[in-house]
>>> print(open('work.cif').read())   # mmCIF, C-alpha atoms
data_target
#
loop_
_atom_site.label_atom_id
_atom_site.label_comp_id
_atom_site.auth_asym_id
_atom_site.auth_seq_id
_atom_site.Cartn_x
_atom_site.Cartn_y
_atom_site.Cartn_z
CA MET A 1 -19.52 -16.57 -37.38
CA LYS A 2 -22.18 -13.91 -37.15
CA ILE A 3 -22.15 -10.83 -39.29
CA LYS A 4 -24.05 -8.82 -36.69
CA GLU A 5 -20.93 -8.86 -34.49
CA LEU A 6 -19.39 -6.66 -37.17
CA THR A 7 -22.21 -4.16 -37.60
CA LYS A 8 -23.20 -3.63 -33.96
CA GLY A 9 -19.97 -1.75 -33.17
CA ILE A 10 -20.61 0.97 -35.71
CA VAL A 11 -23.82 2.59 -34.43
CA LYS A 12 -25.68 0.54 -31.83
CA ARG A 13 -22.64 -0.08 -29.63
CA ASN A 14 -20.46 2.76 -30.85
CA PRO A 15 -17.53 2.82 -28.40
CA ILE A 16 -17.32 6.60 -28.07
CA PHE A 17 -20.84 7.94 -28.29
CA VAL A 18 -22.79 5.04 -26.78
CA LEU A 19 -20.39 3.26 -24.44
CA ALA A 20 -18.32 6.42 -23.66
CA LEU A 21 -15.06 4.44 -23.72
CA GLY A 22 -11.68 5.50 -25.06
CA LEU A 23 -12.39 9.18 -24.67
CA CYS A 24 -8.81 10.30 -23.98
CA PRO A 25 -7.45 9.63 -27.50
CA ALA A 26 -10.74 10.69 -29.06
CA LEU A 27 -10.38 14.17 -27.61
CA ALA A 28 -6.64 14.50 -27.88
CA VAL A 29 -5.87 13.49 -31.46
CA SER A 30 -9.00 14.83 -33.14
CA THR A 31 -7.47 18.17 -34.16
CA ALA A 32 -6.79 16.91 -37.71
CA ILE A 33 -8.39 14.23 -39.89
CA ASP A 34 -5.00 12.64 -40.67
CA ASN A 35 -4.33 12.10 -36.97
CA ALA A 36 -7.79 10.62 -36.47
CA ILE A 37 -7.27 8.12 -39.32
CA GLY A 38 -3.79 7.23 -38.00
CA MET A 39 -5.04 6.71 -34.46
CA GLY A 40 -8.02 4.69 -35.70
CA ALA A 41 -5.73 2.44 -37.76
CA CYS A 42 -3.45 1.83 -34.76
CA VAL A 43 -6.41 0.96 -32.54
CA ILE A 44 -7.91 -1.40 -35.16
CA PHE A 45 -4.53 -3.17 -35.49
CA VAL A 46 -4.07 -3.62 -31.74
CA LEU A 47 -7.72 -4.53 -31.12
CA LEU A 48 -7.79 -7.09 -33.94
CA LEU A 49 -4.61 -8.91 -32.94
CA SER A 50 -5.19 -8.80 -29.19
CA ASN A 51 -8.79 -10.04 -29.62
CA LEU A 52 -7.55 -12.85 -31.88
CA ILE A 53 -4.75 -13.98 -29.55
CA ILE A 54 -6.89 -13.70 -26.41
CA SER A 55 -9.75 -15.69 -27.93
CA LEU A 56 -7.31 -18.40 -29.04
CA LEU A 57 -5.74 -18.56 -25.58
CA ARG A 58 -8.98 -18.14 -23.65
CA ASN A 59 -8.99 -21.70 -22.32
CA LEU A 60 -5.30 -21.62 -21.34
CA ILE A 61 -5.28 -18.39 -19.32
CA PRO A 62 -6.16 -19.00 -15.64
CA LYS A 63 -9.10 -16.90 -14.50
CA GLU A 64 -7.31 -15.28 -11.54
CA VAL A 65 -4.49 -13.74 -13.59
CA ARG A 66 -6.43 -12.99 -16.76
CA ILE A 67 -6.21 -9.18 -16.51
CA PRO A 68 -2.36 -9.06 -16.28
CA CYS A 69 -2.19 -11.56 -19.16
CA PHE A 70 -4.48 -9.40 -21.30
CA ILE A 71 -2.45 -6.30 -20.49
CA VAL A 72 0.83 -7.98 -21.49
CA ILE A 73 -0.67 -9.19 -24.79
CA ILE A 74 -2.07 -5.72 -25.54
CA ALA A 75 1.20 -4.00 -24.55
CA THR A 76 3.13 -6.28 -26.92
CA PHE A 77 1.04 -5.22 -29.90
CA VAL A 78 1.20 -1.57 -28.88
CA THR A 79 5.00 -1.84 -28.78
CA LEU A 80 4.94 -3.33 -32.29
CA ILE A 81 2.78 -0.54 -33.70
CA SER A 82 4.79 2.11 -31.87
CA LEU A 83 8.08 0.82 -33.34
CA ALA A 84 6.52 0.57 -36.81
CA LEU A 85 5.28 4.18 -36.61
CA GLN A 86 8.69 5.40 -35.44
CA SER A 87 10.43 3.89 -38.43
CA TYR A 88 7.89 4.21 -41.27
CA LEU A 89 5.69 7.18 -40.36
CA PRO A 90 7.80 9.47 -38.15
CA GLU A 91 5.56 12.49 -38.86
CA LEU A 92 2.40 10.74 -37.71
CA ASN A 93 4.30 9.38 -34.71
CA GLU A 94 5.34 12.94 -33.85
CA SER A 95 1.81 14.31 -33.98
CA LEU A 96 0.23 11.40 -32.07
CA GLY A 97 3.07 11.62 -29.54
CA ILE A 98 2.38 10.18 -26.12
CA TYR A 99 -1.06 8.89 -27.17
CA VAL A 100 0.49 5.92 -29.04
CA PRO A 101 1.87 4.19 -25.90
CA LEU A 102 -1.36 5.14 -24.12
CA ILE A 103 -3.33 2.79 -26.41
CA VAL A 104 -2.38 0.15 -23.79
CA VAL A 105 -4.72 1.74 -21.26
CA ASN A 106 -7.46 2.51 -23.78
CA CYS A 107 -10.55 1.11 -22.07
CA ILE A 108 -12.00 -0.10 -25.40
CA ILE A 109 -9.29 -2.71 -25.94
CA LEU A 110 -9.23 -4.14 -22.43
CA GLY A 111 -13.02 -3.93 -22.37
CA ARG A 112 -13.40 -6.03 -25.54
CA ALA A 113 -10.80 -8.52 -24.29
CA GLU A 114 -12.61 -8.97 -21.00
CA SER A 115 -16.21 -8.89 -22.18
CA PHE A 116 -15.96 -10.50 -25.62
CA ALA A 117 -12.73 -12.18 -26.70
CA SER A 118 -12.31 -14.14 -23.47
CA LYS A 119 -15.73 -15.73 -23.96
CA ASN A 120 -16.12 -16.17 -27.74
CA SER A 121 -14.49 -18.03 -30.63
CA ALA A 122 -11.71 -16.53 -32.75
CA PRO A 123 -13.76 -15.70 -35.90
CA ASP A 124 -16.43 -13.91 -33.85
CA SER A 125 -13.75 -12.01 -31.93
CA ILE A 126 -12.17 -10.84 -35.19
CA LEU A 127 -15.52 -9.52 -36.41
CA ASP A 128 -16.19 -7.87 -33.06
CA ALA A 129 -12.76 -6.19 -33.12
CA LEU A 130 -13.29 -4.96 -36.68
CA GLY A 131 -16.75 -3.60 -35.87
CA ILE A 132 -15.72 -1.79 -32.70
CA GLY A 133 -12.49 -0.57 -34.31
CA ILE A 134 -14.31 0.82 -37.36
CA GLY A 135 -16.93 2.42 -35.10
CA PHE A 136 -14.14 4.08 -33.10
CA THR A 137 -12.38 5.29 -36.26
CA ILE A 138 -15.57 6.69 -37.79
CA SER A 139 -16.40 8.58 -34.58
CA LEU A 140 -12.85 9.95 -34.44
CA ILE A 141 -13.05 11.09 -38.07
CA LEU A 142 -16.45 12.73 -37.44
CA ILE A 143 -15.11 14.69 -34.44
CA SER A 144 -11.93 15.73 -36.24
CA LEU A 145 -13.87 16.71 -39.37
CA ILE A 146 -15.98 19.15 -37.34
CA ARG A 147 -12.98 20.49 -35.43
CA GLU A 148 -10.73 20.88 -38.46
CA PHE A 149 -13.48 22.44 -40.59
CA LEU A 150 -14.48 25.05 -37.99
CA GLY A 151 -11.09 25.51 -36.38
CA THR A 152 -8.90 25.98 -39.47
CA ALA A 153 -11.52 26.65 -42.20
CA ARG A 154 -9.86 23.84 -44.18
CA ILE A 155 -10.44 20.17 -44.79
CA SER A 156 -7.41 18.14 -45.78
CA ILE A 157 -6.67 14.43 -46.04
CA PHE A 158 -3.10 13.17 -46.63
CA GLY A 159 -1.91 16.52 -47.93
CA TYR A 160 -4.80 17.11 -50.34
CA GLY A 161 -7.24 19.71 -49.12
CA PHE A 162 -9.21 22.83 -49.81
CA GLY A 163 -10.02 25.92 -47.81
CA PHE A 164 -13.33 27.59 -47.10
CA PRO A 165 -14.00 31.32 -47.31
CA PHE A 166 -14.61 32.10 -43.63
CA ALA A 167 -12.44 33.14 -40.74
CA PRO A 168 -11.26 30.08 -38.75
CA ILE A 169 -12.70 29.79 -35.24
CA ASN A 170 -9.59 28.93 -33.23
CA PHE A 171 -11.71 27.82 -30.28
CA PHE A 172 -12.36 24.44 -31.93
CA ILE A 173 -8.67 23.58 -32.16
CA LEU A 174 -8.21 24.31 -28.44
CA PRO A 175 -8.83 21.49 -25.94
CA ALA A 176 -12.04 23.26 -24.93
CA GLY A 177 -13.38 22.84 -28.49
CA ALA A 178 -12.94 19.07 -28.24
CA PHE A 179 -15.03 18.91 -25.07
CA LEU A 180 -17.76 21.07 -26.63
CA VAL A 181 -17.95 19.09 -29.91
CA ILE A 182 -18.12 15.72 -28.10
CA GLY A 183 -20.71 17.09 -25.65
CA ILE A 184 -22.98 18.20 -28.48
CA LEU A 185 -22.50 14.95 -30.44
CA LEU A 186 -23.32 12.92 -27.30
CA ALA A 187 -26.50 14.96 -26.85
CA LEU A 188 -27.44 14.32 -30.51
CA PHE A 189 -26.95 10.57 -30.06
CA LYS A 190 -29.10 10.76 -26.94
CA LYS A 191 -31.83 12.70 -28.72
CA LYS A 192 -31.93 10.07 -31.48
CA GLY A 193 -32.61 7.56 -28.71
CA LEU A 194 -29.45 5.58 -29.33
CA VAL A 195 -28.23 5.95 -25.75
CA ARG A 196 -30.21 4.71 -22.81
CA MET B 197 15.05 24.71 -7.23
CA ASN B 198 13.51 27.13 -9.68
CA GLU B 199 13.58 24.52 -12.42
CA PHE B 200 11.52 22.10 -10.31
CA LEU B 201 8.99 24.79 -9.46
CA MET B 202 8.63 25.45 -13.20
CA LEU B 203 8.02 21.76 -13.89
CA PHE B 204 5.47 21.63 -11.08
CA LEU B 205 3.56 24.65 -12.42
CA GLU B 206 3.80 23.44 -16.01
CA TYR B 207 2.07 20.14 -15.27
CA ALA B 208 -0.36 21.55 -12.69
CA LEU B 209 -1.67 24.44 -14.77
CA VAL B 210 -0.28 24.91 -18.29
CA LYS B 211 -0.48 21.24 -19.26
CA ASN B 212 -3.26 20.29 -16.86
CA PHE B 213 -3.64 16.55 -17.27
CA ILE B 214 -7.41 16.51 -17.50
CA LEU B 215 -8.39 19.76 -19.13
CA VAL B 216 -5.50 20.26 -21.56
CA MET B 217 -3.94 16.82 -22.14
CA PHE B 218 -7.16 14.78 -21.76
CA LEU B 219 -5.50 12.16 -19.55
CA GLY B 220 -7.58 10.43 -16.89
CA LEU B 221 -10.98 11.35 -18.27
CA CYS B 222 -12.70 8.16 -17.13
CA PRO B 223 -12.39 8.93 -13.39
CA PHE B 224 -12.95 12.60 -14.20
CA PHE B 225 -16.45 11.96 -15.53
CA GLY B 226 -17.12 8.89 -13.40
CA VAL B 227 -16.16 10.12 -9.94
CA SER B 228 -16.70 13.87 -10.28
CA LYS B 229 -20.33 13.82 -9.20
CA LYS B 230 -19.62 14.46 -5.52
CA LEU B 231 -16.86 16.50 -3.90
CA LYS B 232 -16.63 13.94 -1.10
CA GLU B 233 -15.56 11.23 -3.55
CA ALA B 234 -13.45 13.43 -5.80
CA ILE B 235 -10.84 14.39 -3.20
CA PRO B 236 -9.87 10.87 -2.00
CA MET B 237 -9.71 9.75 -5.64
CA GLY B 238 -7.45 12.68 -6.49
CA ILE B 239 -5.18 11.95 -3.53
CA ALA B 240 -4.97 8.27 -4.46
CA VAL B 241 -4.05 9.16 -8.05
CA THR B 242 -1.40 11.66 -6.94
CA PHE B 243 0.15 9.17 -4.54
CA VAL B 244 0.36 6.43 -7.19
CA MET B 245 1.73 8.93 -9.74
CA LEU B 246 4.52 9.97 -7.37
CA CYS B 247 5.54 6.44 -6.40
CA ALA B 248 5.23 5.10 -9.95
CA SER B 249 7.41 7.93 -11.25
CA VAL B 250 10.19 7.14 -8.78
CA ILE B 251 10.06 3.38 -9.41
CA THR B 252 9.93 3.63 -13.19
CA TRP B 253 12.74 6.20 -13.16
CA LEU B 254 14.96 3.76 -11.30
CA ILE B 255 13.98 0.88 -13.57
CA SER B 256 14.44 2.87 -16.76
CA GLN B 257 17.89 4.13 -15.70
CA GLU B 258 19.18 0.91 -14.17
CA ILE B 259 17.67 -1.67 -16.51
CA LEU B 260 16.23 -0.25 -19.72
CA ILE B 261 18.96 2.25 -20.54
CA ARG B 262 21.85 0.22 -19.15
CA PHE B 263 21.01 -2.84 -21.24
CA HIS B 264 19.74 -0.84 -24.25
CA ILE B 265 16.25 -2.31 -24.21
CA GLU B 266 14.36 0.98 -24.30
CA PHE B 267 11.85 -0.51 -26.74
CA MET B 268 10.45 -2.59 -23.87
CA GLU B 269 9.29 0.56 -22.07
CA ILE B 270 5.54 0.13 -22.64
CA VAL B 271 5.38 -3.48 -21.42
CA VAL B 272 7.66 -2.82 -18.44
CA PHE B 273 5.92 0.36 -17.31
CA ILE B 274 2.40 -1.04 -17.43
CA LEU B 275 3.47 -4.15 -15.49
CA VAL B 276 5.24 -2.04 -12.87
CA ILE B 277 2.16 0.15 -12.43
CA ALA B 278 -0.24 -2.80 -12.27
CA SER B 279 1.81 -4.72 -9.70
CA PHE B 280 2.55 -1.58 -7.68
CA VAL B 281 -1.13 -0.69 -7.42
CA GLN B 282 -1.86 -4.25 -6.30
CA LEU B 283 0.90 -3.99 -3.68
CA ILE B 284 -0.39 -0.69 -2.29
CA GLU B 285 -3.87 -2.13 -2.09
CA MET B 286 -2.61 -5.05 0.00
CA ILE B 287 -0.49 -2.82 2.27
CA ILE B 288 -3.32 -0.36 2.91
CA LYS B 289 -5.74 -3.19 3.58
CA LYS B 290 -3.43 -4.69 6.22
CA THR B 291 -2.38 -1.44 7.93
CA SER B 292 -5.33 0.92 7.92
CA ILE B 293 -8.90 -0.17 7.41
CA SER B 294 -10.26 3.38 7.44
CA LEU B 295 -7.80 4.49 4.73
CA TYR B 296 -8.67 1.36 2.77
CA LYS B 297 -12.34 2.23 2.96
CA ALA B 298 -11.64 5.77 1.75
CA LEU B 299 -9.21 4.94 -1.07
CA GLY B 300 -9.60 1.20 -1.62
CA ILE B 301 -12.40 1.24 -4.15
CA TYR B 302 -10.53 3.67 -6.39
CA LEU B 303 -7.26 1.74 -6.46
CA PRO B 304 -8.22 -0.97 -9.01
CA LEU B 305 -9.46 1.81 -11.33
CA ILE B 306 -6.07 3.49 -11.18
CA THR B 307 -4.19 0.74 -13.03
CA THR B 308 -5.94 1.56 -16.27
CA ASN B 309 -5.98 5.30 -15.64
CA CYS B 310 -4.17 6.94 -18.55
CA ALA B 311 -2.88 9.69 -16.26
CA ILE B 312 -0.48 7.30 -14.48
CA LEU B 313 1.00 5.74 -17.62
CA GLY B 314 0.91 9.23 -19.13
CA ILE B 315 3.15 10.85 -16.51
CA VAL B 316 5.51 7.88 -16.56
CA GLU B 317 5.83 8.04 -20.36
CA ILE B 318 6.30 11.82 -20.29
CA ASN B 319 9.06 11.53 -17.69
CA PHE B 320 10.78 8.86 -19.76
CA GLN B 321 10.47 10.61 -23.11
CA GLU B 322 11.47 14.04 -21.79
CA GLY B 323 14.39 12.47 -19.93
CA TYR B 324 13.72 14.23 -16.62
CA SER B 325 16.05 13.63 -13.66
CA LEU B 326 14.77 11.86 -10.55
CA LEU B 327 13.82 15.13 -8.83
CA GLY B 328 12.40 16.48 -12.08
CA SER B 329 10.19 13.40 -12.38
CA VAL B 330 9.01 13.88 -8.80
CA ALA B 331 8.22 17.56 -9.49
CA SER B 332 6.30 16.81 -12.69
CA ALA B 333 4.38 13.95 -11.06
CA LEU B 334 3.48 16.14 -8.09
CA GLY B 335 2.37 18.92 -10.45
CA ALA B 336 0.28 16.53 -12.54
CA GLY B 337 -1.32 15.13 -9.38
CA VAL B 338 -2.14 18.55 -7.94
CA GLY B 339 -3.55 19.63 -11.30
CA PHE B 340 -5.65 16.45 -11.32
CA ILE B 341 -7.04 17.16 -7.82
CA LEU B 342 -7.70 20.79 -8.79
CA ALA B 343 -9.64 19.93 -11.95
CA LEU B 344 -11.51 17.07 -10.27
CA SER B 345 -12.61 19.13 -7.27
CA VAL B 346 -13.65 22.21 -9.30
CA MET B 347 -15.58 19.97 -11.67
CA SER B 348 -17.34 18.09 -8.87
CA GLY B 349 -18.32 21.38 -7.23
CA MET B 350 -19.84 22.51 -10.50
CA ARG B 351 -21.63 19.21 -11.05
CA GLU B 352 -23.17 19.33 -7.57
CA ARG B 353 -24.74 22.65 -8.57
CA LEU B 354 -25.71 21.26 -11.97
CA GLU B 355 -27.79 18.53 -10.31
CA LEU B 356 -30.21 21.22 -9.13
CA SER B 357 -30.49 23.10 -12.40
CA ASN B 358 -32.91 22.52 -15.23
CA VAL B 359 -30.99 20.92 -18.11
CA PRO B 360 -32.58 20.13 -21.54
CA LYS B 361 -33.52 16.46 -21.64
CA SER B 362 -31.05 15.29 -24.27
CA PHE B 363 -28.18 17.07 -22.48
CA GLU B 364 -28.75 15.36 -19.13
CA GLY B 365 -25.82 13.42 -17.67
CA LEU B 366 -22.66 13.06 -19.73
CA PRO B 367 -23.34 15.68 -22.49
CA ILE B 368 -23.76 18.56 -20.04
CA ALA B 369 -20.69 17.36 -18.13
CA PHE B 370 -18.69 17.70 -21.35
CA ILE B 371 -20.04 21.19 -21.99
CA THR B 372 -19.10 22.16 -18.42
CA ALA B 373 -15.63 20.70 -18.95
CA ALA B 374 -15.34 22.77 -22.14
CA LEU B 375 -15.95 25.99 -20.21
CA LEU B 376 -13.55 24.92 -17.46
CA SER B 377 -10.92 24.01 -20.05
CA LEU B 378 -11.35 27.41 -21.68
CA ALA B 379 -10.45 28.99 -18.34
CA PHE B 380 -7.21 26.97 -18.29
CA VAL B 381 -6.20 28.31 -21.72
CA VAL B 382 -5.19 31.49 -19.90
CA PHE B 383 -2.34 29.65 -18.18
CA GLY B 384 -0.85 28.95 -21.61
CA GLY B 385 0.23 32.60 -21.52
CA ILE B 386 2.61 32.00 -18.62
CA GLY B 387 6.03 31.91 -20.22
CA LEU B 388 7.69 28.96 -18.51
#
>>> encode(input="work.cif", output="structure tokens")
Amino acid sequence: MKIKELTKGIVKRNPIFVLALGLCPALAVSTAIDNAIGMGACVIFVLLLSNLIISLLRNLIPKEVRIPCFIVIIATFVTLISLALQSYLPELNESLGIYVPLIVVNCIILGRAESFASKNSAPDSILDALGIGIGFTISLILISLIREFLGTARISIFGYGFGFPFAPINFFILPAGAFLVIGILLALFKKKGLVR
Amino acid sequence: MNEFLMLFLEYALVKNFILVMFLGLCPFFGVSKKLKEAIPMGIAVTFVMLCASVITWLISQEILIRFHIEFMEIVVFILVIASFVQLIEMIIKKTSISLYKALGIYLPLITTNCAILGIVEINFQEGYSLLGSVASALGAGVGFILALSVMSGMRERLELSNVPKSFEGLPIAFITAALLSLAFVVFGGIGL
């Protein structure tokens, strides 16, 4: 069990800004901080359990059919989280909408299954999943913080929030704002020398 | 007829899959460097979208809804798409080598393309009829080709221009996409 598996996902191998994976949900749900936290939690749940199960089964799954097996395992956990959201958090489910079932095709999860969990032991895979999942969530929160602050002139988390005395720039809530914010953040990461 | 035209326009322009809904971004940034590659990729995606919509519509009506197992939708749909893409790949390989060379390399990428599962999920959740699903899938596909080809045209030009060092590659592609997406905001004004 190596602790560096946990920390590498947060900055050095950040899934969004360094590996450029899982961009669809990152752009789509980052209009509000609540949505970003909800999406991040769903991805951590699915990533953690699918990494755990895949690493436990890694010697049983035949090499030729490994991808379909991974997809079925991932889809099972996505179904679980989708049903849980529908019954316990209907509002969050409403605002995440179609992007909950689309966690199945999130490249981060299949990518970790293929490149890490299928080759490493269960404890390491759990740490890897936590690290990558937390890195994804932090990036999502960062993007949504910028978009919500500039786009609505407010910052609110779980209903508690405060406004700022400037006119909201609607552009940042539009899809175009998401592309612009991620583009600039990617350039910043590149300038800091974190991306090859 | 009018209703299907509306669905087509809605998913081609107003809810453009790439620029408004952010579905299928991986091929959008990966393959949009050259126009020559963008068009076959777009056609392959549209074709799979159309076929997958028809197949999943039949399965959802005849199996999922009939036996009240709608909660299985995610697992069923992703398996149908994955096996269907595999099947097409085998058929194309056997029948036309030139088509296989043009589309073949993009087909494995399509399984995990969010645009395909996206259109299938939208059709299921909105409860479109068979023809409605075909119209929305066709619209989404045409919108995909449109965005992909405009973007690749712009990126071909971008190759020649002088971009600040830290913006080279993906960052400038995102900024370009932002401007392109801003242009698509206009279509939101069409009252469909």
>>> residues_around(input="work.cif", residues="segment 233-239 of chain B", least_positions_apart="6", cutoff="9 Å", atoms="all atoms listed in the file", output="PyMOL selection string")
chain B and resi 223-224+227+298-299+302-303+337-338+340-342+344-345+348
>>> resolve_selection(input="work.cif", expression="the PyMOL selection byres ((chain B) within 7 of (chain A))", output="ChimeraX atom specification")
/B:216-219,221,270-271,308-310,313-314,362-363,367-368,370-371,373-375,377-378
>>> write_last_selection(input="work.cif", atoms="C-alpha atoms", output="tab-separated table (two decimals), keeping the file's coordinate frame")
chain	number	residue	atom	x	y	z
B	216	VAL	CA	-5.50	20.26	-21.56
B	217	MET	CA	-3.94	16.82	-22.14
B	218	PHE	CA	-7.16	14.78	-21.76
B	219	LEU	CA	-5.50	12.16	-19.55
B	221	LEU	CA	-10.98	11.35	-18.27
B	270	ILE	CA	5.54	0.13	-22.64
B	271	VAL	CA	5.38	-3.48	-21.42
B	308	THR	CA	-5.94	1.56	-16.27
B	309	ASN	CA	-5.98	5.30	-15.64
B	310	CYS	CA	-4.17	6.94	-18.55
B	313	LEU	CA	1.00	5.74	-17.62
B	314	GLY	CA	0.91	9.23	-19.13
B	362	SER	CA	-31.05	15.29	-24.27
B	363	PHE	CA	-28.18	17.07	-22.48
B	367	PRO	CA	-23.34	15.68	-22.49
B	368	ILE	CA	-23.76	18.56	-20.04
B	370	PHE	CA	-18.69	17.70	-21.35
B	371	ILE	CA	-20.04	21.19	-21.99
B	373	ALA	CA	-15.63	20.70	-18.95
B	374	ALA	CA	-15.34	22.77	-22.14
B	375	LEU	CA	-15.95	25.99	-20.21
B	377	SER	CA	-10.92	24.01	-20.05
B	378	LEU	CA	-11.35	27.41	-21.68
>>> resolve_selection(input="work.cif", expression="the PyMOL selection byres ((chain A and resi 151) around 12)", output="PyMOL selection string")
chain A and resi 30-32+143-150+152-155+163-164+166-178+181
>>> atom_distance(input="work.cif", atom1="atom CA of Glu91 of chain A", atom2="atom CA of Tyr207 of chain B")
25.0 Å
>>> residues_near_point(input="work.cif", point="(4.6, 9.5, -18.1)", cutoff="10 Å", atoms="only C-alpha atoms", output="number ranges by chain")
A: 98, 101-102; B: 245, 248-249, 252, 273, 310-322, 329, 332-333, 336
>>> atom_distance(input="work.cif", atom1="atom CA of Arg353 of chain B", atom2="atom CA of Gly335 of chain B")
27.4 Å
>>> closest_residue(input="work.cif", among="A:Val46, A:Ala113, A:Asn35, A:Ser95", to="Arg66 of chain A", atoms="all atoms listed in the file")
A:Ala113
>>> atom_distance(input="work.cif", atom1="atom CA of Leu283 of chain B", atom2="atom CA of Val241 of chain B")
14.7 Å
>>> resolve_selection(input="work.cif", expression="the PyMOL selection byres ((chain A and resi 124-134) around 10)", output="PyMOL selection string")
chain A and resi 1-11+13-16+40-56+108-109+112-113+116-123+135-140
>>> residues_near_point(input="work.cif", point="(-0.5, 24.8, -9.6)", cutoff="7 Å", atoms="all atoms listed in the file", output="PyMOL selection string")
chain B and resi 204-205+208-209+335+338-339
>>> closest_residue(input="work.cif", among="B:Leu305, B:Val244, B:Leu356, B:Val281", to="Cys222 of chain B", atoms="all atoms listed in the file")
B:Leu305
>>> closest_residue(input="work.cif", among="B:Glu266, B:Gly226, B:Leu215, B:Val330", to="Thr242 of chain B", atoms="all atoms listed in the file")
B:Val330
>>> axis_aligned_box(input="work.cif", around="segment 115-119 of chain A", padding_each_side="3 Å", output="lines of an AutoDock Vina configuration file")
center_x = -14.3
center_y = -12.3
center_z = -24.4
size_x = 9.9
size_y = 12.8
size_z = 10.5
>>> closest_residue(input="work.cif", among="B:Val272, B:Met286, B:Val359, B:Phe267", to="Gln86 of chain A", atoms="only C-alpha atoms")
B:Phe267
